[in-house]
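J.: As input, take protein_39.cif (mmCIF, N, CA and C atoms):
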```
data_coords
#
loop_
_atom_site.label_atom_id
_atom_site.label_comp_id
_atom_site.auth_asym_id
_atom_site.auth_seq_id
_atom_site.Cartn_x
_atom_site.Cartn_y
_atom_site.Cartn_z
N MET E 21 -28.49 23.30 -16.08
CA MET E 21 -27.06 23.33 -15.81
C MET E 21 -26.38 24.01 -17.00
N ASN E 22 -25.47 24.92 -16.69
CA ASN E 22 -24.75 25.57 -17.78
C ASN E 22 -23.42 24.83 -18.04
N ALA E 23 -22.75 25.22 -19.11
CA ALA E 23 -21.53 24.54 -19.53
C ALA E 23 -20.41 24.63 -18.48
N ASP E 24 -20.27 25.78 -17.83
CA ASP E 24 -19.23 25.92 -16.81
C ASP E 24 -19.48 24.99 -15.63
N GLN E 25 -20.72 24.88 -15.22
CA GLN E 25 -21.06 23.97 -14.13
C GLN E 25 -20.79 22.52 -14.54
N ALA E 26 -21.13 22.18 -15.77
CA ALA E 26 -20.90 20.82 -16.26
C ALA E 26 -19.42 20.48 -16.28
N LYS E 27 -18.60 21.42 -16.73
CA LYS E 27 -17.15 21.18 -16.79
C LYS E 27 -16.59 21.01 -15.37
N PHE E 28 -17.06 21.82 -14.44
CA PHE E 28 -16.63 21.70 -13.05
C PHE E 28 -16.99 20.31 -12.51
N LEU E 29 -18.23 19.88 -12.72
CA LEU E 29 -18.66 18.57 -12.24
C LEU E 29 -17.88 17.44 -12.90
N ALA E 30 -17.61 17.59 -14.19
CA ALA E 30 -16.85 16.55 -14.89
C ALA E 30 -15.47 16.37 -14.26
N GLU E 31 -14.82 17.47 -13.97
CA GLU E 31 -13.50 17.38 -13.35
C GLU E 31 -13.60 16.80 -11.94
N HIS E 32 -14.60 17.23 -11.21
CA HIS E 32 -14.80 16.70 -9.86
C HIS E 32 -14.98 15.18 -9.90
N TYR E 33 -15.92 14.71 -10.72
CA TYR E 33 -16.17 13.27 -10.78
C TYR E 33 -15.00 12.52 -11.39
N ALA E 34 -14.30 13.12 -12.34
CA ALA E 34 -13.12 12.46 -12.91
C ALA E 34 -12.08 12.21 -11.81
N ARG E 35 -11.89 13.19 -10.94
CA ARG E 35 -10.94 13.02 -9.84
C ARG E 35 -11.40 11.94 -8.86
N VAL E 36 -12.69 11.92 -8.57
CA VAL E 36 -13.24 10.90 -7.66
C VAL E 36 -13.03 9.51 -8.26
N ILE E 37 -13.43 9.35 -9.51
CA ILE E 37 -13.29 8.05 -10.17
C ILE E 37 -11.81 7.67 -10.26
N GLU E 38 -10.98 8.61 -10.65
CA GLU E 38 -9.55 8.37 -10.76
C GLU E 38 -8.95 7.90 -9.43
N SER E 39 -9.40 8.48 -8.34
CA SER E 39 -8.87 8.09 -7.03
C SER E 39 -9.34 6.69 -6.62
N GLU E 40 -10.42 6.22 -7.21
CA GLU E 40 -10.95 4.89 -6.88
C GLU E 40 -10.41 3.79 -7.79
N ILE E 41 -9.80 4.16 -8.91
CA ILE E 41 -9.29 3.15 -9.85
C ILE E 41 -8.33 2.17 -9.17
N PRO E 42 -7.35 2.61 -8.38
CA PRO E 42 -6.43 1.64 -7.76
C PRO E 42 -7.15 0.64 -6.85
N THR E 43 -8.14 1.10 -6.09
CA THR E 43 -8.86 0.18 -5.19
C THR E 43 -9.67 -0.83 -5.99
N THR E 44 -10.37 -0.35 -7.01
CA THR E 44 -11.16 -1.27 -7.84
C THR E 44 -10.23 -2.26 -8.54
N ALA E 45 -9.10 -1.79 -9.03
CA ALA E 45 -8.14 -2.68 -9.68
C ALA E 45 -7.63 -3.75 -8.72
N LYS E 46 -7.39 -3.39 -7.47
CA LYS E 46 -6.95 -4.37 -6.46
C LYS E 46 -8.02 -5.43 -6.22
N VAL E 47 -9.26 -4.99 -6.16
CA VAL E 47 -10.35 -5.94 -5.94
C VAL E 47 -10.46 -6.90 -7.12
N ILE E 48 -10.36 -6.36 -8.33
CA ILE E 48 -10.41 -7.22 -9.52
C ILE E 48 -9.24 -8.19 -9.51
N ALA E 49 -8.05 -7.71 -9.19
CA ALA E 49 -6.85 -8.57 -9.16
C ALA E 49 -6.98 -9.67 -8.12
N ALA E 50 -7.64 -9.38 -7.02
CA ALA E 50 -7.79 -10.38 -5.94
C ALA E 50 -8.55 -11.61 -6.40
N VAL E 51 -9.36 -11.45 -7.41
CA VAL E 51 -10.12 -12.58 -7.95
C VAL E 51 -9.18 -13.63 -8.53
N GLY E 52 -8.01 -13.23 -8.95
CA GLY E 52 -7.05 -14.16 -9.54
C GLY E 52 -6.29 -14.99 -8.52
N LYS E 53 -6.63 -14.87 -7.28
CA LYS E 53 -5.89 -15.57 -6.23
C LYS E 53 -6.58 -16.87 -5.82
N GLY E 54 -7.15 -17.56 -6.80
CA GLY E 54 -7.70 -18.89 -6.55
C GLY E 54 -9.16 -18.93 -6.14
N ASN E 55 -9.87 -17.86 -6.27
CA ASN E 55 -11.26 -17.86 -5.84
C ASN E 55 -12.21 -17.37 -6.93
N SER E 56 -11.84 -17.55 -8.17
CA SER E 56 -12.63 -16.98 -9.26
C SER E 56 -14.00 -17.61 -9.43
N ASP E 57 -14.19 -18.83 -8.94
CA ASP E 57 -15.49 -19.49 -9.07
C ASP E 57 -16.42 -19.22 -7.89
N TYR E 58 -15.91 -18.50 -6.89
CA TYR E 58 -16.72 -18.25 -5.69
C TYR E 58 -18.01 -17.51 -6.02
N LYS E 59 -19.11 -17.99 -5.41
CA LYS E 59 -20.41 -17.33 -5.51
C LYS E 59 -21.00 -17.31 -4.10
N PRO E 60 -21.40 -16.14 -3.61
CA PRO E 60 -22.00 -16.09 -2.28
C PRO E 60 -23.38 -16.75 -2.25
N ASP E 61 -23.96 -16.92 -3.42
CA ASP E 61 -25.28 -17.54 -3.55
C ASP E 61 -25.32 -18.21 -4.93
N PRO E 62 -26.01 -19.33 -5.07
CA PRO E 62 -26.06 -19.99 -6.38
C PRO E 62 -26.59 -19.09 -7.51
N LYS E 63 -27.40 -18.10 -7.17
CA LYS E 63 -27.95 -17.20 -8.18
C LYS E 63 -27.00 -16.05 -8.52
N SER E 64 -25.94 -15.88 -7.74
CA SER E 64 -24.99 -14.78 -7.94
C SER E 64 -24.04 -15.06 -9.09
N ARG E 65 -23.42 -14.01 -9.57
CA ARG E 65 -22.32 -14.16 -10.52
C ARG E 65 -21.12 -14.70 -9.75
N SER E 66 -20.26 -15.40 -10.47
CA SER E 66 -19.02 -15.84 -9.84
C SER E 66 -18.11 -14.62 -9.70
N ALA E 67 -17.07 -14.77 -8.92
CA ALA E 67 -16.14 -13.65 -8.71
C ALA E 67 -15.53 -13.18 -10.03
N ILE E 68 -15.15 -14.11 -10.91
CA ILE E 68 -14.55 -13.71 -12.19
C ILE E 68 -15.60 -13.04 -13.08
N GLU E 69 -16.83 -13.52 -13.04
CA GLU E 69 -17.89 -12.87 -13.82
C GLU E 69 -18.12 -11.45 -13.33
N LEU E 70 -18.08 -11.28 -12.04
CA LEU E 70 -18.26 -9.94 -11.46
C LEU E 70 -17.08 -9.04 -11.81
N ALA E 71 -15.87 -9.56 -11.78
CA ALA E 71 -14.69 -8.77 -12.15
C ALA E 71 -14.79 -8.32 -13.61
N ARG E 72 -15.21 -9.24 -14.48
CA ARG E 72 -15.39 -8.89 -15.90
C ARG E 72 -16.47 -7.82 -16.06
N HIS E 73 -17.54 -7.98 -15.32
CA HIS E 73 -18.65 -7.02 -15.39
C HIS E 73 -18.21 -5.63 -14.95
N ILE E 74 -17.51 -5.55 -13.84
CA ILE E 74 -17.03 -4.25 -13.36
C ILE E 74 -16.15 -3.60 -14.42
N ALA E 75 -15.18 -4.35 -14.92
CA ALA E 75 -14.22 -3.80 -15.89
C ALA E 75 -14.91 -3.30 -17.14
N SER E 76 -15.77 -4.11 -17.71
CA SER E 76 -16.38 -3.73 -18.99
C SER E 76 -17.51 -2.72 -18.82
N SER E 77 -18.32 -2.87 -17.81
CA SER E 77 -19.47 -1.97 -17.68
C SER E 77 -19.08 -0.58 -17.18
N ASP E 78 -18.04 -0.47 -16.38
CA ASP E 78 -17.59 0.86 -15.96
C ASP E 78 -17.11 1.65 -17.18
N ALA E 79 -16.35 0.98 -18.05
CA ALA E 79 -15.89 1.64 -19.28
C ALA E 79 -17.08 1.99 -20.18
N TRP E 80 -18.04 1.07 -20.30
CA TRP E 80 -19.25 1.32 -21.11
C TRP E 80 -20.02 2.52 -20.56
N PHE E 81 -20.15 2.60 -19.25
CA PHE E 81 -20.91 3.68 -18.63
C PHE E 81 -20.32 5.04 -18.98
N VAL E 82 -19.01 5.19 -18.80
CA VAL E 82 -18.37 6.47 -19.11
C VAL E 82 -18.44 6.74 -20.61
N GLN E 83 -18.27 5.70 -21.44
CA GLN E 83 -18.38 5.89 -22.88
C GLN E 83 -19.79 6.36 -23.26
N SER E 84 -20.79 5.84 -22.61
CA SER E 84 -22.17 6.26 -22.88
C SER E 84 -22.36 7.74 -22.56
N ILE E 85 -21.74 8.19 -21.49
CA ILE E 85 -21.79 9.62 -21.13
C ILE E 85 -21.10 10.43 -22.22
N LEU E 86 -19.95 9.96 -22.67
CA LEU E 86 -19.22 10.65 -23.74
C LEU E 86 -20.03 10.69 -25.03
N ASP E 87 -20.73 9.60 -25.31
CA ASP E 87 -21.54 9.51 -26.53
C ASP E 87 -22.84 10.31 -26.43
N GLY E 88 -23.24 10.61 -25.21
CA GLY E 88 -24.49 11.35 -25.01
C GLY E 88 -25.72 10.49 -25.20
N LYS E 89 -25.56 9.18 -25.05
CA LYS E 89 -26.71 8.28 -25.16
C LYS E 89 -26.38 6.95 -24.50
N PHE E 90 -27.40 6.37 -23.93
CA PHE E 90 -27.27 5.08 -23.28
C PHE E 90 -27.98 4.04 -24.12
N GLU E 91 -27.19 3.13 -24.66
CA GLU E 91 -27.72 2.02 -25.44
C GLU E 91 -27.02 0.76 -24.94
N PHE E 92 -27.80 -0.23 -24.57
CA PHE E 92 -27.20 -1.46 -24.07
C PHE E 92 -27.42 -2.57 -25.07
N ASP E 93 -26.35 -3.22 -25.45
CA ASP E 93 -26.38 -4.34 -26.38
C ASP E 93 -25.87 -5.56 -25.62
N GLN E 94 -26.78 -6.45 -25.26
CA GLN E 94 -26.43 -7.62 -24.45
C GLN E 94 -25.35 -8.47 -25.12
N ALA E 95 -25.48 -8.69 -26.42
CA ALA E 95 -24.49 -9.52 -27.13
C ALA E 95 -23.11 -8.86 -27.10
N ALA E 96 -23.06 -7.56 -27.32
CA ALA E 96 -21.78 -6.84 -27.29
C ALA E 96 -21.18 -6.88 -25.88
N SER E 97 -22.02 -6.76 -24.88
CA SER E 97 -21.55 -6.82 -23.50
C SER E 97 -20.95 -8.19 -23.19
N GLN E 98 -21.64 -9.24 -23.58
CA GLN E 98 -21.14 -10.59 -23.34
C GLN E 98 -19.83 -10.83 -24.09
N LYS E 99 -19.75 -10.31 -25.31
CA LYS E 99 -18.53 -10.47 -26.10
C LYS E 99 -17.36 -9.73 -25.43
N ALA E 100 -17.62 -8.52 -24.96
CA ALA E 100 -16.57 -7.74 -24.30
C ALA E 100 -16.08 -8.45 -23.03
N GLU E 101 -17.02 -8.97 -22.25
CA GLU E 101 -16.64 -9.66 -21.02
C GLU E 101 -15.88 -10.95 -21.32
N ALA E 102 -16.27 -11.65 -22.39
CA ALA E 102 -15.61 -12.91 -22.74
C ALA E 102 -14.14 -12.71 -23.14
N GLN E 103 -13.80 -11.52 -23.60
CA GLN E 103 -12.42 -11.21 -23.98
C GLN E 103 -11.51 -11.19 -22.75
N LEU E 104 -12.09 -10.98 -21.58
CA LEU E 104 -11.32 -10.87 -20.34
C LEU E 104 -11.27 -12.26 -19.69
N LYS E 105 -10.31 -13.04 -20.10
CA LYS E 105 -10.24 -14.45 -19.68
C LYS E 105 -9.86 -14.61 -18.20
N THR E 106 -8.98 -13.73 -17.73
CA THR E 106 -8.47 -13.86 -16.37
C THR E 106 -8.70 -12.57 -15.59
N ALA E 107 -8.50 -12.66 -14.29
CA ALA E 107 -8.60 -11.45 -13.47
C ALA E 107 -7.54 -10.44 -13.89
N ALA E 108 -6.37 -10.91 -14.26
CA ALA E 108 -5.31 -10.00 -14.72
C ALA E 108 -5.73 -9.28 -16.00
N ASP E 109 -6.41 -10.01 -16.90
CA ASP E 109 -6.93 -9.37 -18.12
C ASP E 109 -7.94 -8.29 -17.75
N ALA E 110 -8.84 -8.61 -16.84
CA ALA E 110 -9.88 -7.65 -16.43
C ALA E 110 -9.25 -6.44 -15.76
N GLN E 111 -8.28 -6.67 -14.90
CA GLN E 111 -7.61 -5.57 -14.22
C GLN E 111 -6.90 -4.65 -15.21
N SER E 112 -6.14 -5.24 -16.11
CA SER E 112 -5.40 -4.46 -17.10
C SER E 112 -6.35 -3.66 -17.98
N PHE E 113 -7.41 -4.30 -18.46
CA PHE E 113 -8.40 -3.62 -19.30
C PHE E 113 -9.03 -2.47 -18.52
N TYR E 114 -9.45 -2.75 -17.30
CA TYR E 114 -10.12 -1.74 -16.48
C TYR E 114 -9.25 -0.50 -16.29
N GLU E 115 -8.02 -0.72 -15.85
CA GLU E 115 -7.14 0.43 -15.58
C GLU E 115 -6.90 1.26 -16.84
N LYS E 116 -6.60 0.60 -17.95
CA LYS E 116 -6.34 1.34 -19.20
C LYS E 116 -7.61 2.02 -19.70
N ALA E 117 -8.70 1.28 -19.75
CA ALA E 117 -9.95 1.84 -20.29
C ALA E 117 -10.43 3.02 -19.46
N MET E 118 -10.38 2.90 -18.15
CA MET E 118 -10.89 3.99 -17.32
C MET E 118 -10.00 5.23 -17.43
N ARG E 119 -8.71 5.04 -17.46
CA ARG E 119 -7.82 6.21 -17.62
C ARG E 119 -8.04 6.87 -18.99
N ASP E 120 -8.21 6.05 -20.03
CA ASP E 120 -8.49 6.60 -21.36
C ASP E 120 -9.82 7.35 -21.38
N LYS E 121 -10.84 6.76 -20.78
CA LYS E 121 -12.17 7.39 -20.77
C LYS E 121 -12.14 8.70 -19.99
N LEU E 122 -11.41 8.74 -18.88
CA LEU E 122 -11.33 9.98 -18.10
C LEU E 122 -10.57 11.06 -18.87
N SER E 123 -9.58 10.65 -19.62
CA SER E 123 -8.86 11.61 -20.46
C SER E 123 -9.80 12.18 -21.52
N GLN E 124 -10.59 11.33 -22.13
CA GLN E 124 -11.57 11.78 -23.11
C GLN E 124 -12.61 12.68 -22.47
N LEU E 125 -13.02 12.33 -21.27
CA LEU E 125 -14.00 13.14 -20.54
C LEU E 125 -13.48 14.56 -20.32
N ARG E 126 -12.24 14.64 -19.89
CA ARG E 126 -11.64 15.95 -19.62
C ARG E 126 -11.50 16.79 -20.90
N ALA E 127 -11.42 16.13 -22.05
CA ALA E 127 -11.30 16.84 -23.32
C ALA E 127 -12.65 17.15 -23.96
N THR E 128 -13.72 16.69 -23.35
CA THR E 128 -15.06 16.89 -23.90
C THR E 128 -15.50 18.34 -23.73
N PRO E 129 -16.05 18.94 -24.77
CA PRO E 129 -16.54 20.32 -24.65
C PRO E 129 -17.61 20.44 -23.57
N PRO E 130 -17.56 21.50 -22.78
CA PRO E 130 -18.50 21.68 -21.68
C PRO E 130 -19.97 21.64 -22.10
N ASP E 131 -20.29 22.18 -23.27
CA ASP E 131 -21.69 22.18 -23.69
C ASP E 131 -22.20 20.77 -23.95
N LYS E 132 -21.31 19.87 -24.36
CA LYS E 132 -21.69 18.46 -24.57
C LYS E 132 -21.96 17.78 -23.23
N LEU E 133 -21.21 18.15 -22.22
CA LEU E 133 -21.40 17.58 -20.88
C LEU E 133 -22.69 18.07 -20.23
N ALA E 134 -23.12 19.26 -20.63
CA ALA E 134 -24.32 19.86 -20.03
C ALA E 134 -25.61 19.43 -20.73
N ARG E 135 -25.50 18.84 -21.90
CA ARG E 135 -26.73 18.50 -22.64
C ARG E 135 -27.50 17.37 -21.96
N GLU E 136 -28.80 17.43 -22.12
CA GLU E 136 -29.67 16.43 -21.49
C GLU E 136 -29.55 15.09 -22.21
N VAL E 137 -29.46 14.05 -21.40
CA VAL E 137 -29.34 12.69 -21.92
C VAL E 137 -30.44 11.84 -21.29
N ASP E 138 -30.99 10.96 -22.09
CA ASP E 138 -32.04 10.05 -21.62
C ASP E 138 -31.40 8.75 -21.14
N PHE E 139 -31.73 8.35 -19.94
CA PHE E 139 -31.21 7.11 -19.37
C PHE E 139 -32.28 6.03 -19.48
N PHE E 140 -32.32 5.39 -20.64
CA PHE E 140 -33.23 4.28 -20.92
C PHE E 140 -34.70 4.59 -20.65
N GLY E 141 -35.11 5.84 -20.82
CA GLY E 141 -36.50 6.23 -20.60
C GLY E 141 -36.87 6.36 -19.13
N PHE E 142 -35.92 6.08 -18.26
CA PHE E 142 -36.16 6.14 -16.82
C PHE E 142 -36.05 7.56 -16.29
N MET E 143 -35.07 8.30 -16.81
CA MET E 143 -34.87 9.68 -16.39
C MET E 143 -34.02 10.42 -17.40
N LYS E 144 -34.14 11.72 -17.38
CA LYS E 144 -33.32 12.58 -18.22
C LYS E 144 -32.58 13.56 -17.32
N ALA E 145 -31.30 13.78 -17.65
CA ALA E 145 -30.48 14.68 -16.85
C ALA E 145 -29.27 15.10 -17.69
N PRO E 146 -28.57 16.16 -17.26
CA PRO E 146 -27.34 16.52 -17.98
C PRO E 146 -26.37 15.34 -17.97
N ALA E 147 -25.69 15.14 -19.10
CA ALA E 147 -24.79 13.98 -19.27
C ALA E 147 -23.82 13.83 -18.10
N VAL E 148 -23.23 14.92 -17.67
CA VAL E 148 -22.22 14.88 -16.62
C VAL E 148 -22.74 14.30 -15.30
N THR E 149 -24.01 14.46 -15.03
CA THR E 149 -24.55 13.97 -13.75
C THR E 149 -24.55 12.45 -13.66
N PHE E 150 -24.47 11.78 -14.80
CA PHE E 150 -24.45 10.32 -14.78
C PHE E 150 -23.09 9.77 -14.33
N LEU E 151 -22.09 10.64 -14.21
CA LEU E 151 -20.80 10.18 -13.68
C LEU E 151 -20.95 9.71 -12.24
N ALA E 152 -21.82 10.34 -11.48
CA ALA E 152 -22.06 9.88 -10.10
C ALA E 152 -22.65 8.48 -10.11
N MET E 153 -23.56 8.23 -11.04
CA MET E 153 -24.16 6.91 -11.16
C MET E 153 -23.11 5.88 -11.57
N ALA E 154 -22.21 6.27 -12.47
CA ALA E 154 -21.14 5.38 -12.90
C ALA E 154 -20.26 4.98 -11.71
N GLN E 155 -19.90 5.96 -10.91
CA GLN E 155 -19.07 5.68 -9.74
C GLN E 155 -19.80 4.80 -8.74
N ASN E 156 -21.06 5.09 -8.52
CA ASN E 156 -21.84 4.27 -7.59
C ASN E 156 -21.96 2.83 -8.07
N HIS E 157 -22.07 2.64 -9.38
CA HIS E 157 -22.15 1.28 -9.93
C HIS E 157 -20.88 0.51 -9.60
N SER E 158 -19.75 1.14 -9.83
CA SER E 158 -18.47 0.49 -9.56
C SER E 158 -18.33 0.13 -8.09
N VAL E 159 -18.58 1.08 -7.22
CA VAL E 159 -18.42 0.85 -5.79
C VAL E 159 -19.42 -0.21 -5.29
N HIS E 160 -20.63 -0.18 -5.82
CA HIS E 160 -21.64 -1.18 -5.45
C HIS E 160 -21.12 -2.59 -5.73
N HIS E 161 -20.64 -2.82 -6.94
CA HIS E 161 -20.16 -4.15 -7.28
C HIS E 161 -18.83 -4.47 -6.61
N ARG E 162 -18.01 -3.48 -6.46
CA ARG E 162 -16.73 -3.69 -5.79
C ARG E 162 -16.97 -4.15 -4.36
N GLY E 163 -17.94 -3.55 -3.71
CA GLY E 163 -18.28 -3.97 -2.35
C GLY E 163 -18.72 -5.42 -2.31
N SER E 164 -19.51 -5.82 -3.30
CA SER E 164 -19.97 -7.21 -3.39
C SER E 164 -18.79 -8.14 -3.56
N SER E 165 -17.83 -7.72 -4.37
CA SER E 165 -16.72 -8.61 -4.68
C SER E 165 -15.72 -8.72 -3.54
N ARG E 166 -15.83 -7.86 -2.55
CA ARG E 166 -14.90 -7.97 -1.41
C ARG E 166 -15.13 -9.24 -0.61
N ARG E 167 -16.25 -9.88 -0.82
CA ARG E 167 -16.52 -11.15 -0.12
C ARG E 167 -15.68 -12.27 -0.70
N THR E 168 -15.06 -12.00 -1.85
CA THR E 168 -14.31 -13.08 -2.52
C THR E 168 -12.97 -13.30 -1.87
#
```
As structure tokens, what does this structure read like?
T.:
Amino acid sequence: MNADQAKFLAEHYARVIESEIPTTAKVIAAVGKGNSDYKPDPKSRSAIELARHIASSDAWFVQSILDGKFEFDQAASQKAEAQLKTAADAQSFYEKAMRDKLSQLRATPPDKLAREVDFFGFMKAPAVTFLAMAQNHSVHHRGSSRRT
């Protein structure tokens, strides 16, 4: 992938993600309507845990693309999620973080977006291509949370 192609894809995915932010924010906000402890299965995350996960991990995913590396720190993830006490906290964080990350993405040099990034040893691909995975992650969990 060349730099021009990477920049084109970055803008394409930024627009897709941007258009989904209001829907994801509504789903996160819905958790605050008295059903935050709901679990479709005892092994599942509660609705509030899932809202926190969506908010923090979507921001982490885009930041990892910006950083050009995927590193997961379980303790840092738990700490970030714990900061989001309510669904309103998660919604506010999500909307601000995602808009900030997309702004940073759009300002990223094309050659940085085109460089190969390793995804936890599972696969290597140009950094920009992981934006599709980021969007799929959000929609996957958002779909799960619609049961709440």
J.: For the PyMOL selection byres ((chain E and resi 71) around 7), applied here, can you spell out every residue it catches as a ChimeraX atom specification?
T.: /E:47-48,66-70,72-76,107,110-111
J.: Rounded to one decimal in Å, what is the spacing between atom CA of Pro130 of chain E and atom CA of Lys144 of chain E?
T.: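 Rounded to one decimal, the two atoms are 17.7 Å apart.
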J.: Kindly assemble as a tab-separated table a list of the segment 59-138 of chain E residues that lie within 6.5 Å of segment 145-164 of chain E, each paired with its nearest atom pair and their distance in Å to one decimal, using all atoms listed in the file, sorted first by chain and then by ascending residue number.
T.:
```
residue	atom	partner	partner_atom	distance
E:Ile74	CA	E:Ser158	CA	6.2
E:Asp78	CA	E:Ser158	CA	6.5
E:Phe81	CA	E:Ala154	CA	6.0
E:Val82	N	E:Ala154	CA	6.3
E:Ile85	CA	E:Ala147	C	5.6
E:Gly88	CA	E:Ala147	CA	6.3
E:Lys132	C	E:Ala147	N	6.2
E:Leu133	C	E:Val148	N	4.1
E:Ala134	C	E:Pro146	CA	4.4
E:Arg135	C	E:Ala147	N	4.1
E:Glu136	CA	E:Ala145	C	4.0
E:Val137	N	E:Ala145	C	3.9
E:Asp138	N	E:Ala145	N	5.3
```
J.: Kindly save the residues from that selection, with N, CA and C atoms included, as a PDB file, keeping the file's coordinate frame.
T.:
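Everything below was put into result.pdb:
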```
ATOM      1  N   ILE E  74     -17.510  -5.550 -13.840  1.00  0.00           N
ATOM      2  CA  ILE E  74     -17.030  -4.250 -13.360  1.00  0.00           C
ATOM      3  C   ILE E  74     -16.150  -3.600 -14.420  1.00  0.00           C
ATOM      4  N   ASP E  78     -18.040  -0.470 -16.380  1.00  0.00           N
ATOM      5  CA  ASP E  78     -17.590   0.860 -15.960  1.00  0.00           C
ATOM      6  C   ASP E  78     -17.110   1.650 -17.180  1.00  0.00           C
ATOM      7  N   PHE E  81     -20.150   2.600 -19.250  1.00  0.00           N
ATOM      8  CA  PHE E  81     -20.910   3.680 -18.630  1.00  0.00           C
ATOM      9  C   PHE E  81     -20.320   5.040 -18.980  1.00  0.00           C
ATOM     10  N   VAL E  82     -19.010   5.190 -18.800  1.00  0.00           N
ATOM     11  CA  VAL E  82     -18.370   6.470 -19.110  1.00  0.00           C
ATOM     12  C   VAL E  82     -18.440   6.740 -20.610  1.00  0.00           C
ATOM     13  N   ILE E  85     -21.740   8.190 -21.490  1.00  0.00           N
ATOM     14  CA  ILE E  85     -21.790   9.620 -21.130  1.00  0.00           C
ATOM     15  C   ILE E  85     -21.100  10.430 -22.220  1.00  0.00           C
ATOM     16  N   GLY E  88     -23.240  10.610 -25.210  1.00  0.00           N
ATOM     17  CA  GLY E  88     -24.490  11.350 -25.010  1.00  0.00           C
ATOM     18  C   GLY E  88     -25.720  10.490 -25.200  1.00  0.00           C
ATOM     19  N   LYS E 132     -21.310  19.870 -24.360  1.00  0.00           N
ATOM     20  CA  LYS E 132     -21.690  18.460 -24.570  1.00  0.00           C
ATOM     21  C   LYS E 132     -21.960  17.780 -23.230  1.00  0.00           C
ATOM     22  N   LEU E 133     -21.210  18.150 -22.220  1.00  0.00           N
ATOM     23  CA  LEU E 133     -21.400  17.580 -20.880  1.00  0.00           C
ATOM     24  C   LEU E 133     -22.690  18.070 -20.230  1.00  0.00           C
ATOM     25  N   ALA E 134     -23.120  19.260 -20.630  1.00  0.00           N
ATOM     26  CA  ALA E 134     -24.320  19.860 -20.030  1.00  0.00           C
ATOM     27  C   ALA E 134     -25.610  19.430 -20.730  1.00  0.00           C
ATOM     28  N   ARG E 135     -25.500  18.840 -21.900  1.00  0.00           N
ATOM     29  CA  ARG E 135     -26.730  18.500 -22.640  1.00  0.00           C
ATOM     30  C   ARG E 135     -27.500  17.370 -21.960  1.00  0.00           C
ATOM     31  N   GLU E 136     -28.800  17.430 -22.120  1.00  0.00           N
ATOM     32  CA  GLU E 136     -29.670  16.430 -21.490  1.00  0.00           C
ATOM     33  C   GLU E 136     -29.550  15.090 -22.210  1.00  0.00           C
ATOM     34  N   VAL E 137     -29.460  14.050 -21.400  1.00  0.00           N
ATOM     35  CA  VAL E 137     -29.340  12.690 -21.920  1.00  0.00           C
ATOM     36  C   VAL E 137     -30.440  11.840 -21.290  1.00  0.00           C
ATOM     37  N   ASP E 138     -30.990  10.960 -22.090  1.00  0.00           N
ATOM     38  CA  ASP E 138     -32.040  10.050 -21.620  1.00  0.00           C
ATOM     39  C   ASP E 138     -31.400   8.750 -21.140  1.00  0.00           C
TER      40      ASP E 138
END
```
J.: Please give the complete set of residues from chain E that DSSP, run on the backbone, assigns to alpha helix (DSSP H), formatted as a PyMOL selection string.
T.: chain E and resi 23-50+67-87+94-102+107-127+130-134+150-165
J.: Just the number, please: distance in Å from atom N of Ile41 of chain E to atom CA of Tyr114 of chain E, one decimal.
T.: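 Computing it gives 9.6 Å between the two atoms.
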J.: What are the centre and edge lengths in Å, to one decimal, of the axis-aligned box around all listed atoms of segment 110-127 of chain E with 3 Å added on each side, as lines of an AutoDock Vina configuration file?
T.:
```
center_x = -9.7
center_y = 4.3
center_z = -19.1
size_x = 14.6
size_y = 31.8
size_z = 15.7
```
J.: May I have the protein, DNA and RNA residues with an atom at most 9 Å from (-16.6, 12.4, -18.9), counting only C-alpha atoms in the file's coordinates, returned as a list in words?
T.: Ala30, Glu31, Tyr33, Ala34, Val82, Gln83, Ile85, Leu86, Lys121, Leu122, Ser123, Gln124, Leu125, Arg126, Ala127, Thr128, Leu133, Ala147, Val148 and Leu151 of chain E
J.: May I ask for the distance between atom N of Ala79 of chain E and atom N of Met118 of chain E, given in Å to one decimal place?
T.: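 About the pair atom N of Ala79 of chain E and atom N of Met118 of chain E: they are 6.3 Å apart.
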J.: Rank E:Phe139, E:Ala108, E:Thr43, E:Pro62 by their smallest atom-to-atom distance to Phe90 of chain E, using all atoms listed in the file, and report the top residue only.
T.: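 Of all the options, E:Phe139 lies closest to Phe90 of chain E.
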J.: Would you list, as a ChimeraX atom specification, the residues of chain E that end up in strand (DSSP E or B) under DSSP run on this structure's backbone?
T.: /E:136-139,143-146
J.: What would the list of residues within 6.5 Å of (-19.5, -4.4, -21.4) (file frame) look like as a list in words, if only N, CA and C atoms are what count?
T.: Ala75, Ser76, Ser77, Trp80, Ala96, Ser97, Gln98, Ala100 and Glu101 of chain E
J.: Using all atoms listed in the file for the distances, tell me which of E:Asp131, E:Asp87, E:Asp61, E:Glu38 is nearest to Arg119 of chain E.
T.: E:Glu38
J.: Pick the closest to Lys89 of chain E from E:Ala50, E:Lys63, E:Glu115, E:Phe140: which is it, counting only N, CA and C atoms?
T.: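 For Lys89 of chain E, the nearest of the candidates is E:Phe140.
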